[in-house]
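Asks: Attaching a single structure in structure tokens format; questions to follow.
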Amino acid sequence: MIARAAREVQPGMVVNLGIGLPTKVVNHLPADFPVCLHTENGLAGIGPTLSPEQADRNLIDAGGAYVSTIPGSAFFDSATSFSLVRSGRLDLTMLGAFEVAANGDLANWKIPGKFSPGMGGGIELAQKARRVIVLTTHTDRAGNPKLKDACTLPITARGCVRRIFTDLAVIDIGADGFHLVETAEGVGLAEIKEATGAPLIVPATKLPSF
Amino acid sequence: MIARAAREVQPGMVVNLGIGLPTKVVNHLPADFPVCLHTENGLAGIGPTLSPEQADRNLIDAGGAYVSTIPGSAFFDSATSFSLVRSGRLDLTMLGAFEVAANGDLANWKIPGKFSPGMGGGIELAQKARRVIVLTTHTDRAGNPKLKDACTLPITARGCVRRIFTDLAVIDIGADGFHLVETAEGVGLAEIKEATGAPLIVPATKLPSF
Amino acid sequence: MKLPSKQTSIKEAIAHIKDGDTVMLGGFGVPGTPFVLIHALVKHGARNLTIVKNDANEPDMGVDHLLKSGQVARLVTTHLGLNGHAIKLMNAGEIEVEFNAQGILAERIRAGGAGLGGVLSDIGIGTELAEGKKEIEFGGKTQIIEPALRADVALLHAAQADSFGNLAYVGTAQNFNPLMAMAADRVVAEVESLLPLGELAANDIHTPGVFVDHVTELGELSEEYAVVQR
Amino acid sequence: MKLPSKQTSIKEAIAHIKDGDTVMLGGFGVPGTPFVLIHALVKHGARNLTIVKNDANEPDMGVDHLLKSGQVARLVTTHLGLNGHAIKLMNAGEIEVEFNAQGILAERIRAGGAGLGGVLSDIGIGTELAEGKKEIEFGGKTQIIEPALRADVALLHAAQADSFGNLAYVGTAQNFNPLMAMAADRVVAEVESLLPLGELAANDIHTPGVFVDHVTELGELSEEYAVVQR
């Protein structure tokens with residue numbers, strides 16, 4: 001799933017990888033792949049993650065991981081960092097999710113009464129990146145679907161999600177809802193439909209698997 | 001008059017000197033005087049003006065004169081430059097004037113039909129410097145008073161001027177209008193009153209001269 | 001002309017902070033957080049403070065010392081994820097927390113520093129974030145008016161400075177520091193090295209000294225500034 | 001990962017400019033003005049342009065070449081004092097001129113670059129400057145809404161760059177360049193020297209390459225870049 005998501009990154013893109021699953025995408029990009037990774041705390045051109053022993057105390061990503069620079073990296077302040085996001089210079093962001101609705105609504109920052117650490121930069125990433133992709137398990141820990149007709153949790157941004165990568169499938173969001181486009185190796189259609197909380201549009205042709 | 005105006009600059013101030021007469025004030029500040037001169041095109045810490053032979057092509061003030069830096073000078077962009085002005089970090093500005101009204105209104109950027117090159121940074125300097133001082137001839141070329149009951153030309157900023165230095169006098173603006181505070185050497189009270197287009201409040205005590 | 005010195009002791013630099021003040025603190029996680037100034041503020045003891053900071057650091061670090069000492073009434077922030085103690089205080093109603101989208105907090109502070117009244121933004125429209133905020137139609141779109149934010153005092157951390165208060169940051173320690181430097185009535189910077197006037201290149205200064213009131217050099221850096229071992 | 005190259009010929013970089021486009025030009029007087037790109041735009045020939053620039057340079061320099069070629073329909077600026085030719089065209093009604101307070105023009109461009117709808121400001125309230133502008137009451141004060149400004153293309157001049165488009169300016173050549181770099185759909189920078197990737201220090205970059213689409217190295221600088229002999 002992570003490896004498959006990495007193939008979404010096109011040469012020349014500016015990309016922000018959210019905390020959690022998305023961050024792992026970086027390990028699947030070739031060393032000479034032409035891409036600029038952005039982190040909202042003020043760096044464009046993220047290099048490999050470093051262990052605490054190798055780390056520079058002044059060089060972290062937005063999740064607090066110690067990262068490195070590459071030739072051409074630039075540091076900037078938080079206003080410039082989000083100017084980049086809001087003005088359309090961010091080609092792609094990959095985010096985690098609590099819920100994704102069939103109309104592309106995303107909920108990933110708050111579970112009232114349980115989890116409310118604040119939205120950080122997530123709202124601006126979700127609302128303003130040119131393409132928003134979600135990486136998530138298909139269901140939550142209790143087995144409930146994360147893909148739903150409508151979100152029940154507070155929304156991060158409306159209608160923003162274009163594609164979802166899960167452990168079971170790749171699903172696109174079209175004007176008419178969830179479209180199944182790929183299935184995980186060995187996963188059947190029935191299982192995916194069962195785990196999805198909204199109608200799933202399945203093409204008549206055979207689907208590729210990943 | 002210029003030398004007298006220079007004495008308005010207090011140690012530690014951040015000061016912007018407008019184009020024309022005000023710029024000349026710098027020649028009357030001692031070499032070791034602790035002050036930071038600002039120019040709105042992006043420099044804090046202006047050093048002496050340079051001749052074209054000594055000039056750096058990338059180092060001008062807002063009037064286009066070639067200037068130098070001093071130890072501790074900093075360059076910045078136009079947004080930062082006016083942030084400094086508008087947020088109250090500019091202690092003093094000295095500006096030229098077409099007209100000053102008895103309530104402190106300043107007109108110095110436009111003469112409809114005759115002179116309208118644009119306001120540049122003048123409006124923000126006049127409206128936002130903590131103290132605005134005007135340096136001007138007491139009358140225009142035709143001998144008409146520049147100090148008036150009310151401005152007839154388009155206003156730069158309302159009620160902004162605190163003190164006026166002219167070739168004839170130093171005049172403060174109080175809640176009740178123009179107050180004469182000093183006279184130029186050899187200039188009589190009658191001459192000053194004659195050249196002023198609004199009532200002039202004169203103290204009973206003897207006035208110092210400059 | 002020569003540029004005046006703003007070198008001050010920490011005690012002197014923060015002496016004017018009063019109960020009820022709004023205090024901005026630079027930093028995003030460890031980088032750029034003024035740990036020594038925060039300790040000095042704990043010692044100083046001003047109470048009922050509104051703290052403006054991107055995050056609340058981690059337990060027993062930075063902002064958390066002010067939370068433990070009970071000096072914080074209100075926290076204006078974007079994310080408390082690494083500090084469970086802060087979340088607990090929030091949930092218990094012991095501190096009031098105002099969450100902002102991170103880039104909007106940055107813009108609100110910058111607007112304060114730029115002498116503006118606020119900015120128009122469409123971030124969060126149609127979500128909980130927009131609740132209670134003033135919206136207007138402008139330029140054919142619905143926009144939220146995000147009010148400018150200023151503080152009584154900003155406490156900053158920079159890598160290098162000169163005596164006029166010109167500041168240079170390194171790495172991701174820049175974050176909110178240059179914005180807060182513009183947005184407070186009194187700006188105090190702790191710096192890792194104080195260089196002679198003229199040794200910071202005029203082209204490479206991140207915060208012009210014009211915005212800074214007090215600069216104070218740190219001695220050896222404490223453990224709080226080091227790489228976090230998780 | 002490696003950062004992609006944006007090195008382009010000038011012809012290629014400006015090929016997409018169309019009649020009716022809004023073009024931002026960096027520079028305040030000579031410093032920071034992209035004279036070579038302006039000449040290329042004259043040769044390119046796009047007409048009915050809206051030009052956004054602090055000033056109109058001086059007669060026979062920079063912007064004036066675009067005025068002489070009749071390519072400019074509208075000029076958004078702050079001060080034309082050094083270019084009598086521009087004032088003449090304005091008075092004759094041959095170009096439309098919109099004057100902005102200098103710092104407000106800077107903020108409007110920055111707002112465009114920051115993805116904001118505009119900013120609230122009290123500059124010019126009660127004067128001619130406020131005429132025709134939308135005012136609102138906010139935070140207990142009357143504020144003018146100054147709309148964000150964006151362009152189709154920004155043409156910039158920088159002293160140094162790398163192939164990713166990271167830019168560094170020198171002296172007072174910074175001015176509007178870093179702001180315009182954020183505020184256009186396509187950003188083209190002419191640079192005095194193009195350095196190998198990694199030779200511009202990550203802490204000393206004024207405009208991150210993320211904002212720049214095309215970077216092109218100048219040969220020997222023409223007379224227009226030199227000290228003006230008045």
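Labeling convention for the structure tokens: chains A, B, ... as they appear, residues from 1 per chain, ligands from 1 in order of appearance.
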Taking only C-alpha atoms into account, which residues of chain D are within 7 Å of chain B, as an MDAnalysis selection string?

Replies: chainID D and resid 28:29 31 78:81 87 99 101:103 106:107 123:124 127:128 170:176 178 226:227 229

Asks: Return as a PyMOL selection string the residues belonging to chain D that are within 10 Å of chain C, counting only C-alpha atoms.

Replies: chain D and resi 103-104+107+111+114-123+134+136+138-139+141-148+168-172+174+201-206

Asks: Using only C-alpha atoms, which residue out of D:Val215, D:Leu179, D:Leu221, D:Leu195 lies closest to Ser9 (chain D)?

Replies: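 Looking at the shortest contact to Ser9 (chain D), the residue is D:Val215.
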
Asks: Output as a Markdown table one row per residue of region 117-190 of chain D within 12 Å of region 41-49 of chain D: the closest atom pair and its distance in Å to one decimal place, counting only C-alpha atoms, sorted by chain and residue number ascending.

Replies:
| residue | atom | partner | partner_atom | distance |
| --- | --- | --- | --- | --- |
| D:Ala151 | CA | D:Leu49 | CA | 10.7 |
| D:Asp152 | CA | D:Leu49 | CA | 10.4 |
| D:Val153 | CA | D:Leu49 | CA | 10.9 |
| D:Ala154 | CA | D:Leu41 | CA | 11.7 |
| D:Leu155 | CA | D:Leu41 | CA | 9.7 |
| D:Val188 | CA | D:Leu41 | CA | 11.8 |

Asks: Which residues, written as a PyMOL selection string, have at least one atom at most 10 Å from Lys148 (chain B), with only C-alpha atoms counted and residues fewer than 4 positions away on the same chain left out?

Replies: chain B and resi 99-105+144+152+177-178+196-199

Asks: Excluding same-chain residues fewer than 2 positions from Lys193 (chain B), what lies within 12 Å of it counting only C-alpha atoms, as a ChimeraX atom specification?

Replies: /B:138-139,145,147-148,168-169,171,178-180,183,187-191,195-202

Asks: Near Phe210 (chain A), counting only C-alpha atoms, which residues have an atom at most 12 Å away, once you skip same-chain residues fewer than 3 positions from it, shown as a ChimeraX atom specification?

Replies: /A:1-5,7,165-170,181-187,207

Asks: Those same residues, written as a PDB file, in the first residue's frame with C-alpha atoms?

Replies:
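Output below, filename selection.pdb:
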ATOM      1  CA  MET A   1       0.000   0.000   0.000  1.00  0.00           C
ATOM      2  CA  ILE A   2       2.800   2.420   0.896  1.00  0.00           C
ATOM      3  CA  ALA A   3       4.790   1.332  -2.152  1.00  0.00           C
ATOM      4  CA  ARG A   4       1.722   1.751  -4.335  1.00  0.00           C
ATOM      5  CA  ALA A   5       1.047   5.224  -2.924  1.00  0.00           C
ATOM      6  CA  ARG A   7       3.898   5.752  -7.353  1.00  0.00           C
ATOM      7  CA  PHE A 165      -5.085   4.071  -0.501  1.00  0.00           C
ATOM      8  CA  THR A 166      -6.041   1.435   2.054  1.00  0.00           C
ATOM      9  CA  ASP A 167      -4.767  -1.993   3.014  1.00  0.00           C
ATOM     10  CA  LEU A 168      -7.575  -3.417   0.833  1.00  0.00           C
ATOM     11  CA  ALA A 169      -7.914  -1.169  -2.192  1.00  0.00           C
ATOM     12  CA  VAL A 170      -7.301   1.994  -4.156  1.00  0.00           C
ATOM     13  CA  VAL A 181      -9.822   1.257  -9.096  1.00  0.00           C
ATOM     14  CA  GLU A 182      -7.408  -1.344  -7.703  1.00  0.00           C
ATOM     15  CA  THR A 183      -7.516  -4.130  -5.172  1.00  0.00           C
ATOM     16  CA  ALA A 184      -4.806  -5.381  -2.862  1.00  0.00           C
ATOM     17  CA  GLU A 185      -3.225  -8.672  -3.909  1.00  0.00           C
ATOM     18  CA  GLY A 186      -5.490 -11.493  -2.721  1.00  0.00           C
ATOM     19  CA  VAL A 187      -8.361  -9.332  -1.555  1.00  0.00           C
ATOM     20  CA  LEU A 207      -9.272  -4.479 -11.850  1.00  0.00           C
TER      21      LEU A 207
END

Asks: Quick one: distance from CA of Leu92 (chain A) to CA of Asn54 (chain C) in Å, one decimal?

Replies: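 One can read the CA of Leu92 (chain A) to CA of Asn54 (chain C) distance as 24.0 Å.
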
Asks: What separation in Å, quoted to one decimal, exists between CA of Ala175 (chain A) and CA of Ile133 (chain A)?

Replies: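 CA of Ile133 (chain A) lies at a distance of 16.1 Å from CA of Ala175 (chain A).
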
Asks: Neighbours of Ala40 (chain D) within 8 Å (only C-alpha atoms; same-chain residues fewer than 5 positions away dropped), as a list in words?

Replies: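 Residues meeting the cut-off are Ile10, Lys11 and Ile14 of chain D.
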
Asks: One decimal, in Å: what's the spacing between CA of Asn100 (chain D) and CA of Leu106 (chain B)?

Replies: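 Taking CA of Asn100 (chain D) as the start and CA of Leu106 (chain B) as the end point, the length is 18.1 Å.
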
Asks: So which bits of region 76-115 of chain D end up strand (DSSP E or B) when you DSSP the backbone, as an MDAnalysis selection string?

Replies: chainID D and resid 76:77 79 96:99

Asks: Pick out the closest residue to Glu12 (chain D) from this set: D:Val228, D:His214, D:Asn83, D:Leu156. Count only C-alpha atoms.

Replies: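 Nearest candidate to Glu12 (chain D) out of D:Val228, D:His214, D:Asn83, D:Leu156: D:His214.
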
Asks: Mind listing the alpha helix (DSSP H) residues of region 38-222 of chain D, per DSSP on the backbone, as a PDB file with N, CA, C and O atoms, in the first residue's frame?

Replies:
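So out-v5.pdb came out as:
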ATOM      1  N   ILE D  38      12.679  42.424 -19.137  1.00  0.00           N
ATOM      2  CA  ILE D  38      11.804  43.471 -19.689  1.00  0.00           C
ATOM      3  C   ILE D  38      12.074  43.634 -21.190  1.00  0.00           C
ATOM      4  O   ILE D  38      11.134  43.703 -21.995  1.00  0.00           O
ATOM      5  N   HIS D  39      13.347  43.650 -21.579  1.00  0.00           N
ATOM      6  CA  HIS D  39      13.669  43.725 -23.011  1.00  0.00           C
ATOM      7  C   HIS D  39      13.082  42.530 -23.758  1.00  0.00           C
ATOM      8  O   HIS D  39      12.558  42.675 -24.865  1.00  0.00           O
ATOM      9  N   ALA D  40      13.160  41.357 -23.137  1.00  0.00           N
ATOM     10  CA  ALA D  40      12.610  40.152 -23.772  1.00  0.00           C
ATOM     11  C   ALA D  40      11.093  40.270 -23.920  1.00  0.00           C
ATOM     12  O   ALA D  40      10.521  39.817 -24.910  1.00  0.00           O
ATOM     13  N   LEU D  41      10.456  40.910 -22.948  1.00  0.00           N
ATOM     14  CA  LEU D  41       9.000  41.086 -23.022  1.00  0.00           C
ATOM     15  C   LEU D  41       8.632  42.082 -24.128  1.00  0.00           C
ATOM     16  O   LEU D  41       7.614  41.917 -24.818  1.00  0.00           O
ATOM     17  N   VAL D  42       9.468  43.091 -24.328  1.00  0.00           N
ATOM     18  CA  VAL D  42       9.247  44.031 -25.447  1.00  0.00           C
ATOM     19  C   VAL D  42       9.330  43.254 -26.757  1.00  0.00           C
ATOM     20  O   VAL D  42       8.465  43.373 -27.627  1.00  0.00           O
ATOM     21  N   LYS D  43      10.352  42.429 -26.890  1.00  0.00           N
ATOM     22  CA  LYS D  43      10.551  41.642 -28.110  1.00  0.00           C
ATOM     23  C   LYS D  43       9.401  40.641 -28.300  1.00  0.00           C
ATOM     24  O   LYS D  43       8.924  40.431 -29.412  1.00  0.00           O
ATOM     25  N   HIS D  44       8.964  40.055 -27.204  1.00  0.00           N
ATOM     26  CA  HIS D  44       7.861  39.089 -27.225  1.00  0.00           C
ATOM     27  C   HIS D  44       6.596  39.740 -27.786  1.00  0.00           C
ATOM     28  O   HIS D  44       5.863  39.160 -28.583  1.00  0.00           O
ATOM     29  N   VAL D  63      10.838  49.694 -17.225  1.00  0.00           N
ATOM     30  CA  VAL D  63       9.418  49.795 -17.561  1.00  0.00           C
ATOM     31  C   VAL D  63       9.169  50.761 -18.711  1.00  0.00           C
ATOM     32  O   VAL D  63       8.248  50.567 -19.520  1.00  0.00           O
ATOM     33  N   ASP D  64       9.997  51.787 -18.804  1.00  0.00           N
ATOM     34  CA  ASP D  64       9.757  52.791 -19.846  1.00  0.00           C
ATOM     35  C   ASP D  64       9.792  52.180 -21.245  1.00  0.00           C
ATOM     36  O   ASP D  64       9.099  52.664 -22.145  1.00  0.00           O
ATOM     37  N   HIS D  65      10.574  51.134 -21.447  1.00  0.00           N
ATOM     38  CA  HIS D  65      10.607  50.482 -22.762  1.00  0.00           C
ATOM     39  C   HIS D  65       9.243  49.873 -23.096  1.00  0.00           C
ATOM     40  O   HIS D  65       8.811  49.897 -24.244  1.00  0.00           O
ATOM     41  N   LEU D  66       8.570  49.348 -22.101  1.00  0.00           N
ATOM     42  CA  LEU D  66       7.225  48.782 -22.319  1.00  0.00           C
ATOM     43  C   LEU D  66       6.195  49.880 -22.549  1.00  0.00           C
ATOM     44  O   LEU D  66       5.208  49.674 -23.263  1.00  0.00           O
ATOM     45  N   LEU D  67       6.408  51.030 -21.918  1.00  0.00           N
ATOM     46  CA  LEU D  67       5.505  52.165 -22.142  1.00  0.00           C
ATOM     47  C   LEU D  67       5.687  52.686 -23.563  1.00  0.00           C
ATOM     48  O   LEU D  67       4.721  52.945 -24.273  1.00  0.00           O
ATOM     49  N   LYS D  68       6.940  52.774 -23.991  1.00  0.00           N
ATOM     50  CA  LYS D  68       7.208  53.304 -25.336  1.00  0.00           C
ATOM     51  C   LYS D  68       6.674  52.380 -26.425  1.00  0.00           C
ATOM     52  O   LYS D  68       6.218  52.835 -27.468  1.00  0.00           O
ATOM     53  N   GLY D  84       9.101  61.191 -16.052  1.00  0.00           N
ATOM     54  CA  GLY D  84       8.181  62.194 -16.601  1.00  0.00           C
ATOM     55  C   GLY D  84       7.377  61.646 -17.777  1.00  0.00           C
ATOM     56  O   GLY D  84       6.221  62.032 -17.984  1.00  0.00           O
ATOM     57  N   HIS D  85       7.973  60.723 -18.538  1.00  0.00           N
ATOM     58  CA  HIS D  85       7.272  60.137 -19.676  1.00  0.00           C
ATOM     59  C   HIS D  85       6.045  59.363 -19.226  1.00  0.00           C
ATOM     60  O   HIS D  85       4.969  59.454 -19.825  1.00  0.00           O
ATOM     61  N   ALA D  86       6.183  58.611 -18.156  1.00  0.00           N
ATOM     62  CA  ALA D  86       5.050  57.848 -17.616  1.00  0.00           C
ATOM     63  C   ALA D  86       3.943  58.787 -17.154  1.00  0.00           C
ATOM     64  O   ALA D  86       2.749  58.538 -17.393  1.00  0.00           O
ATOM     65  N   ILE D  87       4.321  59.873 -16.497  1.00  0.00           N
ATOM     66  CA  ILE D  87       3.322  60.846 -16.017  1.00  0.00           C
ATOM     67  C   ILE D  87       2.585  61.471 -17.196  1.00  0.00           C
ATOM     68  O   ILE D  87       1.365  61.655 -17.156  1.00  0.00           O
ATOM     69  N   LYS D  88       3.331  61.758 -18.264  1.00  0.00           N
ATOM     70  CA  LYS D  88       2.741  62.323 -19.476  1.00  0.00           C
ATOM     71  C   LYS D  88       1.701  61.370 -20.079  1.00  0.00           C
ATOM     72  O   LYS D  88       0.589  61.782 -20.429  1.00  0.00           O
ATOM     73  N   LEU D  89       2.069  60.097 -20.180  1.00  0.00           N
ATOM     74  CA  LEU D  89       1.127  59.099 -20.723  1.00  0.00           C
ATOM     75  C   LEU D  89      -0.115  59.009 -19.842  1.00  0.00           C
ATOM     76  O   LEU D  89      -1.240  58.880 -20.333  1.00  0.00           O
ATOM     77  N   MET D  90       0.098  59.070 -18.517  1.00  0.00           N
ATOM     78  CA  MET D  90      -1.025  59.005 -17.583  1.00  0.00           C
ATOM     79  C   MET D  90      -1.931  60.221 -17.774  1.00  0.00           C
ATOM     80  O   MET D  90      -3.152  60.075 -17.909  1.00  0.00           O
ATOM     81  N   ASN D  91      -1.338  61.398 -17.832  1.00  0.00           N
ATOM     82  CA  ASN D  91      -2.141  62.620 -17.964  1.00  0.00           C
ATOM     83  C   ASN D  91      -2.864  62.668 -19.304  1.00  0.00           C
ATOM     84  O   ASN D  91      -3.955  63.225 -19.404  1.00  0.00           O
ATOM     85  N   GLN D 102       2.800  52.584  -0.770  1.00  0.00           N
ATOM     86  CA  GLN D 102       3.852  51.610  -1.082  1.00  0.00           C
ATOM     87  C   GLN D 102       3.782  50.335  -0.246  1.00  0.00           C
ATOM     88  O   GLN D 102       3.886  49.224  -0.775  1.00  0.00           O
ATOM     89  N   GLY D 103       3.597  50.500   1.054  1.00  0.00           N
ATOM     90  CA  GLY D 103       3.533  49.325   1.911  1.00  0.00           C
ATOM     91  C   GLY D 103       2.246  48.543   1.726  1.00  0.00           C
ATOM     92  O   GLY D 103       2.200  47.337   1.980  1.00  0.00           O
ATOM     93  N   ILE D 104       1.206  49.228   1.282  1.00  0.00           N
ATOM     94  CA  ILE D 104      -0.061  48.533   1.012  1.00  0.00           C
ATOM     95  C   ILE D 104       0.059  47.734  -0.283  1.00  0.00           C
ATOM     96  O   ILE D 104      -0.433  46.601  -0.369  1.00  0.00           O
ATOM     97  N   LEU D 105       0.746  48.277  -1.275  1.00  0.00           N
ATOM     98  CA  LEU D 105       0.994  47.487  -2.485  1.00  0.00           C
ATOM     99  C   LEU D 105       1.782  46.228  -2.103  1.00  0.00           C
ATOM    100  O   LEU D 105       1.456  45.120  -2.544  1.00  0.00           O
ATOM    101  N   ALA D 106       2.786  46.406  -1.247  1.00  0.00           N
ATOM    102  CA  ALA D 106       3.582  45.250  -0.795  1.00  0.00           C
ATOM    103  C   ALA D 106       2.688  44.216  -0.112  1.00  0.00           C
ATOM    104  O   ALA D 106       2.787  43.013  -0.389  1.00  0.00           O
ATOM    105  N   GLU D 107       1.796  44.679   0.759  1.00  0.00           N
ATOM    106  CA  GLU D 107       0.920  43.744   1.493  1.00  0.00           C
ATOM    107  C   GLU D 107      -0.104  43.085   0.574  1.00  0.00           C
ATOM    108  O   GLU D 107      -0.451  41.913   0.765  1.00  0.00           O
ATOM    109  N   ARG D 108      -0.600  43.821  -0.408  1.00  0.00           N
ATOM    110  CA  ARG D 108      -1.582  43.230  -1.329  1.00  0.00           C
ATOM    111  C   ARG D 108      -0.929  42.111  -2.146  1.00  0.00           C
ATOM    112  O   ARG D 108      -1.535  41.067  -2.378  1.00  0.00           O
ATOM    113  N   ILE D 109       0.300  42.348  -2.580  1.00  0.00           N
ATOM    114  CA  ILE D 109       1.024  41.328  -3.333  1.00  0.00           C
ATOM    115  C   ILE D 109       1.333  40.141  -2.425  1.00  0.00           C
ATOM    116  O   ILE D 109       1.122  38.984  -2.780  1.00  0.00           O
ATOM    117  N   ARG D 110       1.800  40.444  -1.221  1.00  0.00           N
ATOM    118  CA  ARG D 110       2.103  39.360  -0.283  1.00  0.00           C
ATOM    119  C   ARG D 110       0.855  38.548   0.029  1.00  0.00           C
ATOM    120  O   ARG D 110       0.910  37.317   0.106  1.00  0.00           O
ATOM    121  N   ALA D 111      -0.277  39.214   0.192  1.00  0.00           N
ATOM    122  CA  ALA D 111      -1.528  38.497   0.471  1.00  0.00           C
ATOM    123  C   ALA D 111      -1.863  37.557  -0.692  1.00  0.00           C
ATOM    124  O   ALA D 111      -2.282  36.414  -0.480  1.00  0.00           O
ATOM    125  N   GLY D 112      -1.667  38.039  -1.912  1.00  0.00           N
ATOM    126  CA  GLY D 112      -1.880  37.173  -3.076  1.00  0.00           C
ATOM    127  C   GLY D 112      -0.977  35.953  -3.011  1.00  0.00           C
ATOM    128  O   GLY D 112      -1.398  34.824  -3.268  1.00  0.00           O
ATOM    129  N   GLY D 113       0.251  36.176  -2.628  1.00  0.00           N
ATOM    130  CA  GLY D 113       1.224  35.081  -2.523  1.00  0.00           C
ATOM    131  C   GLY D 113       0.956  34.158  -1.365  1.00  0.00           C
ATOM    132  O   GLY D 113       1.412  33.006  -1.352  1.00  0.00           O
ATOM    133  N   ASN D 177      10.819  41.934  -4.921  1.00  0.00           N
ATOM    134  CA  ASN D 177      11.076  40.641  -5.555  1.00  0.00           C
ATOM    135  C   ASN D 177      10.592  39.438  -4.743  1.00  0.00           C
ATOM    136  O   ASN D 177       9.900  38.573  -5.293  1.00  0.00           O
ATOM    137  N   PRO D 178      10.914  39.339  -3.447  1.00  0.00           N
ATOM    138  CA  PRO D 178      10.471  38.140  -2.705  1.00  0.00           C
ATOM    139  C   PRO D 178       8.951  38.048  -2.588  1.00  0.00           C
ATOM    140  O   PRO D 178       8.410  36.941  -2.468  1.00  0.00           O
ATOM    141  N   LEU D 179       8.267  39.182  -2.618  1.00  0.00           N
ATOM    142  CA  LEU D 179       6.808  39.191  -2.489  1.00  0.00           C
ATOM    143  C   LEU D 179       6.170  38.736  -3.794  1.00  0.00           C
ATOM    144  O   LEU D 179       5.259  37.909  -3.815  1.00  0.00           O
ATOM    145  N   MET D 180       6.668  39.284  -4.898  1.00  0.00           N
ATOM    146  CA  MET D 180       6.128  38.917  -6.216  1.00  0.00           C
ATOM    147  C   MET D 180       6.433  37.455  -6.550  1.00  0.00           C
ATOM    148  O   MET D 180       5.664  36.811  -7.264  1.00  0.00           O
TER     149      MET D 180
END

Asks: Which residues are close to Arg130 (chain B), i.e. within 12 Å by only C-alpha atoms, leaving aside same-chain residues fewer than 6 positions away? Reply as JSON, numbers by chain.

Replies: {"B": [13, 14, 15, 16, 84, 85, 86, 87, 88, 89, 90, 91, 92, 93, 94, 124, 160, 161, 162]}
